[in-house]
file query.csv (CSV, C-alpha atoms)
chain,number,residue,atom,x,y,z
A,1,MET,CA,31.0,-46.7,-120.9
A,2,GLU,CA,29.9,-49.6,-123.1
A,3,LEU,CA,31.9,-51.9,-120.8
A,4,ALA,CA,29.8,-50.5,-117.9
A,5,PHE,CA,26.6,-51.3,-119.8
A,6,TYR,CA,27.5,-54.9,-120.6
A,7,LEU,CA,29.0,-55.6,-117.2
A,8,ALA,CA,25.9,-54.3,-115.5
A,9,SER,CA,23.7,-56.3,-117.9
A,10,ILE,CA,25.5,-59.5,-116.9
A,11,VAL,CA,25.1,-58.6,-113.2
A,12,ALA,CA,21.4,-57.9,-113.7
A,13,ILE,CA,20.8,-61.2,-115.5
A,14,ALA,CA,22.9,-63.2,-113.0
A,15,ALA,CA,21.1,-61.7,-110.1
A,16,THR,CA,17.7,-62.2,-111.7
A,17,ILE,CA,18.4,-65.9,-112.3
A,18,MET,CA,19.4,-66.2,-108.6
A,19,VAL,CA,16.1,-64.5,-107.7
A,20,ILE,CA,13.9,-67.1,-109.4
A,21,THR,CA,15.9,-70.1,-108.1
A,22,ARG,CA,16.3,-69.2,-104.4
A,23,VAL,CA,14.4,-71.2,-101.8
A,24,ASN,CA,14.6,-68.6,-99.1
A,25,ALA,CA,12.5,-65.5,-99.7
A,26,VAL,CA,15.0,-63.1,-98.0
A,27,HIS,CA,17.8,-64.4,-100.2
A,28,ALA,CA,15.7,-63.8,-103.3
A,29,LEU,CA,15.0,-60.3,-102.1
A,30,LEU,CA,18.7,-59.6,-101.6
A,31,TYR,CA,19.4,-60.7,-105.1
A,32,LEU,CA,16.4,-58.7,-106.5
A,33,VAL,CA,17.8,-55.5,-104.9
A,34,VAL,CA,21.1,-56.2,-106.6
A,35,SER,CA,19.3,-56.7,-109.9
A,36,LEU,CA,17.5,-53.4,-109.5
A,37,LEU,CA,20.8,-51.6,-108.7
A,38,ALA,CA,22.3,-53.1,-111.8
A,39,VAL,CA,19.4,-51.8,-113.8
A,40,ALA,CA,19.9,-48.4,-112.2
A,41,VAL,CA,23.5,-48.4,-113.4
A,42,ILE,CA,22.2,-49.3,-116.9
A,43,PHE,CA,19.9,-46.3,-116.8
A,44,TYR,CA,22.8,-44.1,-115.9
A,45,THR,CA,24.8,-45.3,-118.8
A,46,LEU,CA,21.8,-44.7,-121.1
A,47,GLY,CA,21.7,-41.1,-120.1
A,48,ALA,CA,18.8,-41.2,-117.6
A,49,PRO,CA,20.4,-40.2,-114.3
A,50,PHE,CA,17.1,-39.0,-112.7
A,51,ILE,CA,15.4,-42.3,-113.4
A,52,ALA,CA,18.5,-44.2,-112.1
A,53,ALA,CA,18.0,-42.3,-108.8
A,54,LEU,CA,14.3,-43.1,-108.8
A,55,GLU,CA,15.0,-46.7,-109.4
A,56,VAL,CA,17.3,-46.9,-106.4
A,57,ILE,CA,15.1,-44.8,-104.1
A,58,ILE,CA,11.6,-46.2,-104.9
A,59,TYR,CA,12.2,-49.7,-106.3
A,60,ALA,CA,15.3,-50.9,-104.4
A,61,GLY,CA,14.3,-48.8,-101.4
A,62,ALA,CA,10.6,-48.5,-100.8
A,63,ILE,CA,9.1,-51.4,-102.7
A,64,MET,CA,11.7,-53.9,-101.5
A,65,VAL,CA,11.2,-52.7,-97.9
A,66,LEU,CA,7.5,-53.4,-98.2
A,67,PHE,CA,8.4,-57.0,-99.3
A,68,ILE,CA,10.8,-57.4,-96.3
A,69,PHE,CA,8.1,-56.1,-93.9
A,70,VAL,CA,5.6,-58.7,-95.1
A,71,ILE,CA,8.2,-61.6,-95.0
A,72,MET,CA,9.2,-60.6,-91.5
A,73,MET,CA,5.6,-60.4,-90.5
A,74,LEU,CA,4.9,-63.9,-91.9
A,75,ASN,CA,7.6,-66.0,-90.3
A,76,LEU,CA,7.7,-65.2,-86.7
A,77,GLY,CA,9.0,-67.6,-84.1
A,78,LYS,CA,11.9,-70.0,-83.6
A,79,GLU,CA,12.6,-71.0,-87.2
A,80,SER,CA,12.9,-67.3,-88.3
A,81,GLU,CA,15.5,-66.9,-85.5
A,82,GLN,CA,17.5,-69.8,-86.9
A,83,GLN,CA,17.1,-68.3,-90.3
A,84,GLU,CA,18.5,-65.0,-89.1
A,85,ARG,CA,21.5,-66.9,-87.7
A,86,LYS,CA,22.0,-68.6,-91.0
A,87,LEU,CA,21.7,-65.2,-92.8
A,88,LEU,CA,24.7,-64.0,-90.9
A,89,LYS,CA,27.0,-66.7,-92.3
A,90,PRO,CA,29.3,-65.4,-95.1
A,91,ARG,CA,28.2,-67.9,-97.7
A,92,MET,CA,24.7,-66.5,-97.6
A,93,TRP,CA,25.6,-62.9,-98.4
A,94,ILE,CA,28.9,-63.3,-100.3
A,95,GLY,CA,27.1,-63.7,-103.7
A,96,PRO,CA,25.2,-60.4,-103.6
A,97,VAL,CA,28.2,-58.6,-102.1
A,98,ILE,CA,30.4,-59.7,-105.1
A,99,LEU,CA,27.8,-58.5,-107.6
A,100,VAL,CA,27.3,-55.2,-105.7
A,101,VAL,CA,31.1,-54.6,-105.6
A,102,ILE,CA,31.2,-54.9,-109.4
A,103,LEU,CA,28.4,-52.3,-109.6
A,104,ALA,CA,30.1,-50.0,-107.1
A,105,VAL,CA,33.4,-50.1,-109.0
A,106,GLU,CA,31.6,-49.3,-112.2
A,107,PHE,CA,29.7,-46.5,-110.6
A,108,LEU,CA,32.8,-44.9,-109.0
A,109,PHE,CA,34.6,-45.2,-112.4
A,110,MET,CA,31.8,-43.5,-114.2
A,111,VAL,CA,31.4,-40.7,-111.7
A,112,THR,CA,35.1,-40.0,-111.5
A,113,SER,CA,35.8,-40.3,-115.2
A,114,GLY,CA,33.7,-37.2,-116.0
A,115,SER,CA,30.2,-38.2,-116.9
A,116,PRO,CA,29.3,-35.6,-119.5
A,117,GLU,CA,30.0,-37.8,-122.4
A,118,MET,CA,27.5,-40.4,-121.6
A,119,THR,CA,26.8,-43.3,-123.9
A,120,ALA,CA,23.6,-41.7,-125.1
A,121,ALA,CA,24.0,-39.1,-127.9
A,122,ARG,CA,22.7,-36.7,-125.3
A,123,PRO,CA,21.5,-37.3,-121.7
A,124,VAL,CA,17.9,-36.4,-121.1
A,125,GLU,CA,17.9,-34.0,-118.2
A,126,PRO,CA,15.4,-34.1,-115.4
A,127,VAL,CA,14.1,-30.6,-116.4
A,128,GLU,CA,12.9,-31.9,-119.8
A,129,VAL,CA,11.3,-34.9,-118.1
A,130,GLY,CA,9.5,-32.7,-115.6
A,131,LYS,CA,8.3,-30.3,-118.4
A,132,SER,CA,7.0,-33.2,-120.4
A,133,LEU,CA,5.4,-34.9,-117.4
A,134,TYR,CA,3.4,-31.9,-116.4
A,135,THR,CA,2.4,-30.6,-119.8
A,136,THR,CA,2.0,-33.4,-122.4
A,137,TYR,CA,1.3,-36.2,-119.8
A,138,LEU,CA,-0.7,-34.2,-117.3
A,139,ILE,CA,-3.7,-36.5,-117.7
A,140,GLY,CA,-1.4,-39.5,-117.0
A,141,VAL,CA,-0.2,-37.9,-113.8
A,142,GLU,CA,-3.8,-37.5,-112.6
A,143,LEU,CA,-4.6,-41.1,-113.6
A,144,ALA,CA,-1.5,-42.3,-111.6
A,145,ALA,CA,-2.7,-40.3,-108.6
A,146,MET,CA,-6.1,-41.9,-108.8
A,147,LEU,CA,-4.4,-45.4,-109.2
A,148,LEU,CA,-2.3,-44.7,-106.1
A,149,LEU,CA,-5.4,-43.6,-104.1
A,150,ALA,CA,-7.2,-46.8,-105.2
A,151,GLY,CA,-4.2,-48.9,-104.1
A,152,LEU,CA,-4.1,-47.1,-100.8
A,153,VAL,CA,-7.9,-47.7,-100.2
A,154,GLY,CA,-7.6,-51.3,-101.4
A,155,ALA,CA,-4.7,-52.1,-99.2
A,156,PHE,CA,-6.4,-50.5,-96.2
A,157,HIS,CA,-9.6,-52.4,-96.8
A,158,LEU,CA,-7.8,-55.7,-97.1
A,159,GLY,CA,-5.7,-55.1,-94.1
A,160,ARG,CA,-8.7,-54.1,-91.9
A,161,LYS,CA,-10.4,-57.4,-92.3
A,162,LEU,CA,-7.5,-59.2,-90.6
A,163,ARG,CA,-8.7,-58.3,-87.2
B,1,MET,CA,23.1,-44.4,-127.8
B,2,ALA,CA,26.2,-43.6,-129.9
B,3,SER,CA,28.0,-46.8,-129.0
B,4,ILE,CA,25.4,-49.1,-127.5
B,5,PRO,CA,23.1,-50.4,-130.2
B,6,ILE,CA,19.4,-50.3,-129.3
B,7,GLU,CA,19.1,-54.0,-130.0
B,8,HIS,CA,21.3,-54.9,-127.1
B,9,GLY,CA,19.3,-52.8,-124.7
B,10,LEU,CA,16.0,-54.3,-125.9
B,11,MET,CA,17.6,-57.8,-125.8
B,12,LEU,CA,18.5,-57.3,-122.2
B,13,ALA,CA,14.9,-56.1,-121.4
B,14,GLY,CA,13.6,-59.2,-123.2
B,15,VAL,CA,15.9,-61.6,-121.3
B,16,LEU,CA,14.9,-60.0,-118.0
B,17,PHE,CA,11.2,-60.2,-118.9
B,18,SER,CA,11.6,-63.9,-119.9
B,19,LEU,CA,13.2,-64.6,-116.6
B,20,GLY,CA,10.3,-63.0,-114.9
B,21,VAL,CA,7.8,-65.1,-116.9
B,22,VAL,CA,9.7,-68.3,-116.1
B,23,GLY,CA,9.8,-67.4,-112.4
B,24,LEU,CA,6.1,-66.6,-112.4
B,25,LEU,CA,5.3,-70.0,-114.1
B,26,VAL,CA,7.7,-72.1,-112.1
B,27,ARG,CA,7.3,-70.9,-108.6
B,28,ARG,CA,4.1,-71.6,-106.5
B,29,ASN,CA,5.0,-69.4,-103.6
B,30,ILE,CA,3.0,-66.2,-103.9
B,31,ILE,CA,5.9,-64.0,-102.6
B,32,PHE,CA,8.1,-65.3,-105.4
B,33,MET,CA,5.3,-64.8,-107.9
B,34,LEU,CA,5.0,-61.1,-106.8
B,35,LEU,CA,8.8,-60.8,-107.1
B,36,SER,CA,8.7,-62.1,-110.7
B,37,ILE,CA,6.0,-59.6,-111.5
B,38,GLU,CA,8.3,-56.9,-110.2
B,39,ILE,CA,11.1,-58.2,-112.5
B,40,MET,CA,8.7,-58.1,-115.5
B,41,LEU,CA,7.5,-54.5,-114.7
B,42,ASN,CA,11.1,-53.4,-114.3
B,43,SER,CA,12.2,-54.9,-117.6
B,44,ALA,CA,9.3,-53.2,-119.4
B,45,GLY,CA,10.5,-49.9,-117.9
B,46,LEU,CA,14.0,-50.7,-119.1
B,47,ALA,CA,12.7,-51.1,-122.7
B,48,PHE,CA,11.0,-47.7,-122.4
B,49,ILE,CA,14.2,-46.1,-121.2
B,50,VAL,CA,16.3,-47.7,-124.0
B,51,ALA,CA,13.8,-46.5,-126.6
B,52,GLY,CA,13.7,-43.0,-125.0
B,53,ALA,CA,17.5,-42.8,-125.0
B,54,ARG,CA,17.7,-43.9,-128.6
B,55,TRP,CA,15.8,-40.8,-129.8
B,56,GLY,CA,16.9,-38.5,-126.9
B,57,GLN,CA,13.3,-37.8,-125.9
B,58,PRO,CA,12.0,-37.6,-122.3
B,59,ASP,CA,8.8,-39.6,-123.1
B,60,GLY,CA,10.5,-42.9,-122.2
B,61,GLN,CA,11.4,-41.6,-118.8
B,62,VAL,CA,7.9,-40.3,-118.2
B,63,MET,CA,6.5,-43.7,-119.0
B,64,PHE,CA,8.9,-45.3,-116.5
B,65,MET,CA,7.6,-43.0,-113.8
B,66,PHE,CA,4.0,-44.3,-114.6
B,67,ILE,CA,5.3,-47.8,-114.4
B,68,LEU,CA,6.9,-47.0,-111.1
B,69,ALA,CA,3.6,-45.6,-109.7
B,70,MET,CA,1.7,-48.7,-111.0
B,71,ALA,CA,4.2,-51.1,-109.4
B,72,ALA,CA,3.9,-49.3,-106.1
B,73,ALA,CA,0.1,-49.6,-106.1
B,74,GLU,CA,0.2,-53.2,-107.3
B,75,VAL,CA,2.7,-54.2,-104.5
B,76,ALA,CA,0.6,-52.5,-101.8
B,77,VAL,CA,-2.5,-54.4,-102.8
B,78,GLY,CA,-0.7,-57.6,-103.6
B,79,LEU,CA,1.1,-57.8,-100.3
B,80,ALA,CA,-2.2,-57.1,-98.4
B,81,LEU,CA,-3.6,-60.1,-100.3
B,82,VAL,CA,-0.6,-62.2,-99.3
B,83,LEU,CA,-1.3,-61.4,-95.7
B,84,LEU,CA,-4.9,-62.4,-96.1
B,85,LEU,CA,-4.0,-65.6,-97.9
B,86,TYR,CA,-1.6,-66.5,-95.1
B,87,ARG,CA,-4.2,-65.8,-92.3
B,88,GLN,CA,-6.7,-67.8,-94.2
B,89,PHE,CA,-4.7,-70.9,-95.2
B,90,LYS,CA,-1.6,-70.7,-93.0
B,91,THR,CA,0.5,-71.2,-96.1
B,92,LEU,CA,1.9,-69.1,-99.0
B,93,ASP,CA,1.2,-71.8,-101.6
B,94,VAL,CA,-1.2,-70.3,-104.2
B,95,ASP,CA,-2.6,-73.7,-105.1
B,96,SER,CA,-4.2,-73.8,-101.6
B,97,ALA,CA,-6.4,-71.0,-102.7
B,98,SER,CA,-7.6,-72.7,-105.9
B,99,LYS,CA,-10.6,-74.2,-104.1
B,100,MET,CA,-12.4,-71.1,-103.1
B,101,ARG,CA,-16.1,-71.1,-102.5
B,102,GLY,CA,-18.1,-68.0,-103.3

call {"tool": "encode", "arguments": {"input": "query.csv", "output": "structure tokens"}}
result
Amino acid sequence: MELAFYLASIVAIAATIMVITRVNAVHALLYLVVSLLAVAVIFYTLGAPFIAALEVIIYAGAIMVLFIFVIMMLNLGKESEQQERKLLKPRMWIGPVILVVILAVEFLFMVTSGSPEMTAARPVEPVEVGKSLYTTYLIGVELAAMLLLAGLVGAFHLGRKLR
Amino acid sequence: MASIPIEHGLMLAGVLFSLGVVGLLVRRNIIFMLLSIEIMLNSAGLAFIVAGARWGQPDGQVMFMFILAMAAAEVAVGLALVLLLYRQFKTLDVDSASKMRG
């Protein structure tokens, strides 16, 4: 389990270095998704399985898709077509694939090797997190709801002016 | 955290955060700056999870959820601003927006 943690750490750091050095935004996004998946594996080894799932679904899923939407909206036309063609070449996606394969092997190993004895002294179950979230931190949940509403209104307002 | 010392987890969070800061300072493309901010937010969440795992309390994970909500709101507004910047200046270079008038 410690090996999984350190291996995932190395993958996360390598992928993050690739993110900040890429020229092409789509390549950077690909590496950032890998970095987020590596951090999700780290969460799993630290005994936070629910947060690992949230990291994959919301960060690597929803937020990255937003980025991809915007990048796709920005470069339309011929050069983006050429870019797509370049993206399909193996040397563009081989780096992320290698890093992801490392993570996948780790994950399969952890799932099949019987996860109860996690690295943490005791994994924190989602039930505890939910109870704490809706009792101790209820005011925080309401503030987060207001923040999200403000974000929604702000994004709508900014987007409306485009026309 | 029986076998992984808390220092290593916090060190990883620190390294990821530094990489995010470096990316934010070095790049001038606004998309890459937003990505760097995402990296920094994520590493801050990692620090919370590591600390929560150290004491076996759910508070760290609760804080991560708040960071997640904040990141989602920030990205929505930030990307709307990116679109506005691009329509206005036909470029993603943030320095082009340094000369704004009122």

call {"tool": "closest_residue", "arguments": {"input": "query.csv", "among": "A:Leu152, A:Val23, A:Ala60, A:Ala28", "to": "Leu79 of chain B", "atoms": "all atoms listed in the file"}}
result
A:Leu152

call {"tool": "residues_around", "arguments": {"input": "query.csv", "residues": "Met65 of chain B", "least_positions_apart": "4", "cutoff": "10 Å", "atoms": "only C-alpha atoms", "output": "list in words"}}
result
Ile51, Leu54, Glu55, Val129, Leu133, Val141 and Ala144 of chain A; Gly45, Asp59, Gly60, Gln61, Ala69, Met70 and Ala71 of chain B

call {"tool": "interface_residues", "arguments": {"input": "query.csv", "of": "chain A", "to": "chain B", "cutoff": "7 Å", "atoms": "all atoms listed in the file", "output": "number ranges by chain"}}
result
A: 2, 9, 13, 17, 20, 46-47, 51, 63, 70, 119-122, 124, 128-129, 132-133, 144, 147-148, 151, 154-155, 158-159, 162

call {"tool": "write_last_selection", "arguments": {"input": "query.csv", "atoms": "C-alpha atoms", "output": "PDB file, in the frame of the given file"}}
result
ATOM      1  CA  GLU A   2      29.900 -49.600-123.100  1.00  0.00           C
ATOM      2  CA  SER A   9      23.700 -56.300-117.900  1.00  0.00           C
ATOM      3  CA  ILE A  13      20.800 -61.200-115.500  1.00  0.00           C
ATOM      4  CA  ILE A  17      18.400 -65.900-112.300  1.00  0.00           C
ATOM      5  CA  ILE A  20      13.900 -67.100-109.400  1.00  0.00           C
ATOM      6  CA  LEU A  46      21.800 -44.700-121.100  1.00  0.00           C
ATOM      7  CA  GLY A  47      21.700 -41.100-120.100  1.00  0.00           C
ATOM      8  CA  ILE A  51      15.400 -42.300-113.400  1.00  0.00           C
ATOM      9  CA  ILE A  63       9.100 -51.400-102.700  1.00  0.00           C
ATOM     10  CA  VAL A  70       5.600 -58.700 -95.100  1.00  0.00           C
ATOM     11  CA  THR A 119      26.800 -43.300-123.900  1.00  0.00           C
ATOM     12  CA  ALA A 120      23.600 -41.700-125.100  1.00  0.00           C
ATOM     13  CA  ALA A 121      24.000 -39.100-127.900  1.00  0.00           C
ATOM     14  CA  ARG A 122      22.700 -36.700-125.300  1.00  0.00           C
ATOM     15  CA  VAL A 124      17.900 -36.400-121.100  1.00  0.00           C
ATOM     16  CA  GLU A 128      12.900 -31.900-119.800  1.00  0.00           C
ATOM     17  CA  VAL A 129      11.300 -34.900-118.100  1.00  0.00           C
ATOM     18  CA  SER A 132       7.000 -33.200-120.400  1.00  0.00           C
ATOM     19  CA  LEU A 133       5.400 -34.900-117.400  1.00  0.00           C
ATOM     20  CA  ALA A 144      -1.500 -42.300-111.600  1.00  0.00           C
ATOM     21  CA  LEU A 147      -4.400 -45.400-109.200  1.00  0.00           C
ATOM     22  CA  LEU A 148      -2.300 -44.700-106.100  1.00  0.00           C
ATOM     23  CA  GLY A 151      -4.200 -48.900-104.100  1.00  0.00           C
ATOM     24  CA  GLY A 154      -7.600 -51.300-101.400  1.00  0.00           C
ATOM     25  CA  ALA A 155      -4.700 -52.100 -99.200  1.00  0.00           C
ATOM     26  CA  LEU A 158      -7.800 -55.700 -97.100  1.00  0.00           C
ATOM     27  CA  GLY A 159      -5.700 -55.100 -94.100  1.00  0.00           C
ATOM     28  CA  LEU A 162      -7.500 -59.200 -90.600  1.00  0.00           C
TER      29      LEU A 162
END

call {"tool": "atom_distance", "arguments": {"input": "query.csv", "atom1": "atom CA of Tyr31 of chain A", "atom2": "atom CA of Ala14 of chain A"}}
result
9.0 Å

call {"tool": "atom_distance", "arguments": {"input": "query.csv", "atom1": "atom CA of Leu66 of chain A", "atom2": "atom CA of Tyr134 of chain A"}}
result
28.5 Å

call {"tool": "residues_around", "arguments": {"input": "query.csv", "residues": "Ala4 of chain A", "least_positions_apart": "2", "cutoff": "8 Å", "atoms": "all atoms listed in the file", "output": "PyMOL selection string"}}
result
chain A and resi 1-2+6-8+42+45+106

call {"tool": "atom_distance", "arguments": {"input": "query.csv", "atom1": "atom CA of Leu99 of chain A", "atom2": "atom CA of Leu37 of chain A"}}
result
9.9 Å

call {"tool": "decode", "arguments": {"input": "query.csv", "residues": "segment 19-30 of chain B", "atoms": "N, CA and C atoms", "output": "CSV table (one decimal), in the first residue's frame"}}
result
chain,number,residue,atom,x,y,z
B,19,LEU,N,4.4,23.6,-7.9
B,19,LEU,CA,4.4,23.5,-9.3
B,19,LEU,C,3.2,24.4,-9.9
B,20,GLY,N,2.1,24.4,-9.1
B,20,GLY,CA,1.0,25.3,-9.6
B,20,GLY,C,1.4,26.7,-9.5
B,21,VAL,N,2.1,27.1,-8.5
B,21,VAL,CA,2.6,28.5,-8.4
B,21,VAL,C,3.5,28.9,-9.6
B,22,VAL,N,4.5,27.9,-9.8
B,22,VAL,CA,5.4,28.2,-10.9
B,22,VAL,C,4.7,28.3,-12.2
B,23,GLY,N,3.7,27.4,-12.5
B,23,GLY,CA,2.9,27.5,-13.7
B,23,GLY,C,2.2,28.8,-13.8
B,24,LEU,N,1.6,29.3,-12.7
B,24,LEU,CA,0.9,30.5,-12.7
B,24,LEU,C,1.8,31.7,-13.0
B,25,LEU,N,3.0,31.6,-12.5
B,25,LEU,CA,3.9,32.8,-12.7
B,25,LEU,C,4.6,32.7,-14.1
B,26,VAL,N,4.8,31.5,-14.6
B,26,VAL,CA,5.6,31.4,-15.9
B,26,VAL,C,4.7,31.6,-17.1
B,27,ARG,N,3.5,31.0,-17.1
B,27,ARG,CA,2.7,31.0,-18.3
B,27,ARG,C,2.0,32.3,-18.4
B,28,ARG,N,1.7,32.8,-19.6
B,28,ARG,CA,0.9,34.0,-19.9
B,28,ARG,C,-0.4,33.7,-20.6
B,29,ASN,N,-0.6,32.4,-20.9
B,29,ASN,CA,-1.8,32.0,-21.5
B,29,ASN,C,-2.9,31.8,-20.4
B,30,ILE,N,-4.0,32.4,-20.6
B,30,ILE,CA,-5.0,32.5,-19.4
B,30,ILE,C,-5.5,31.1,-19.1
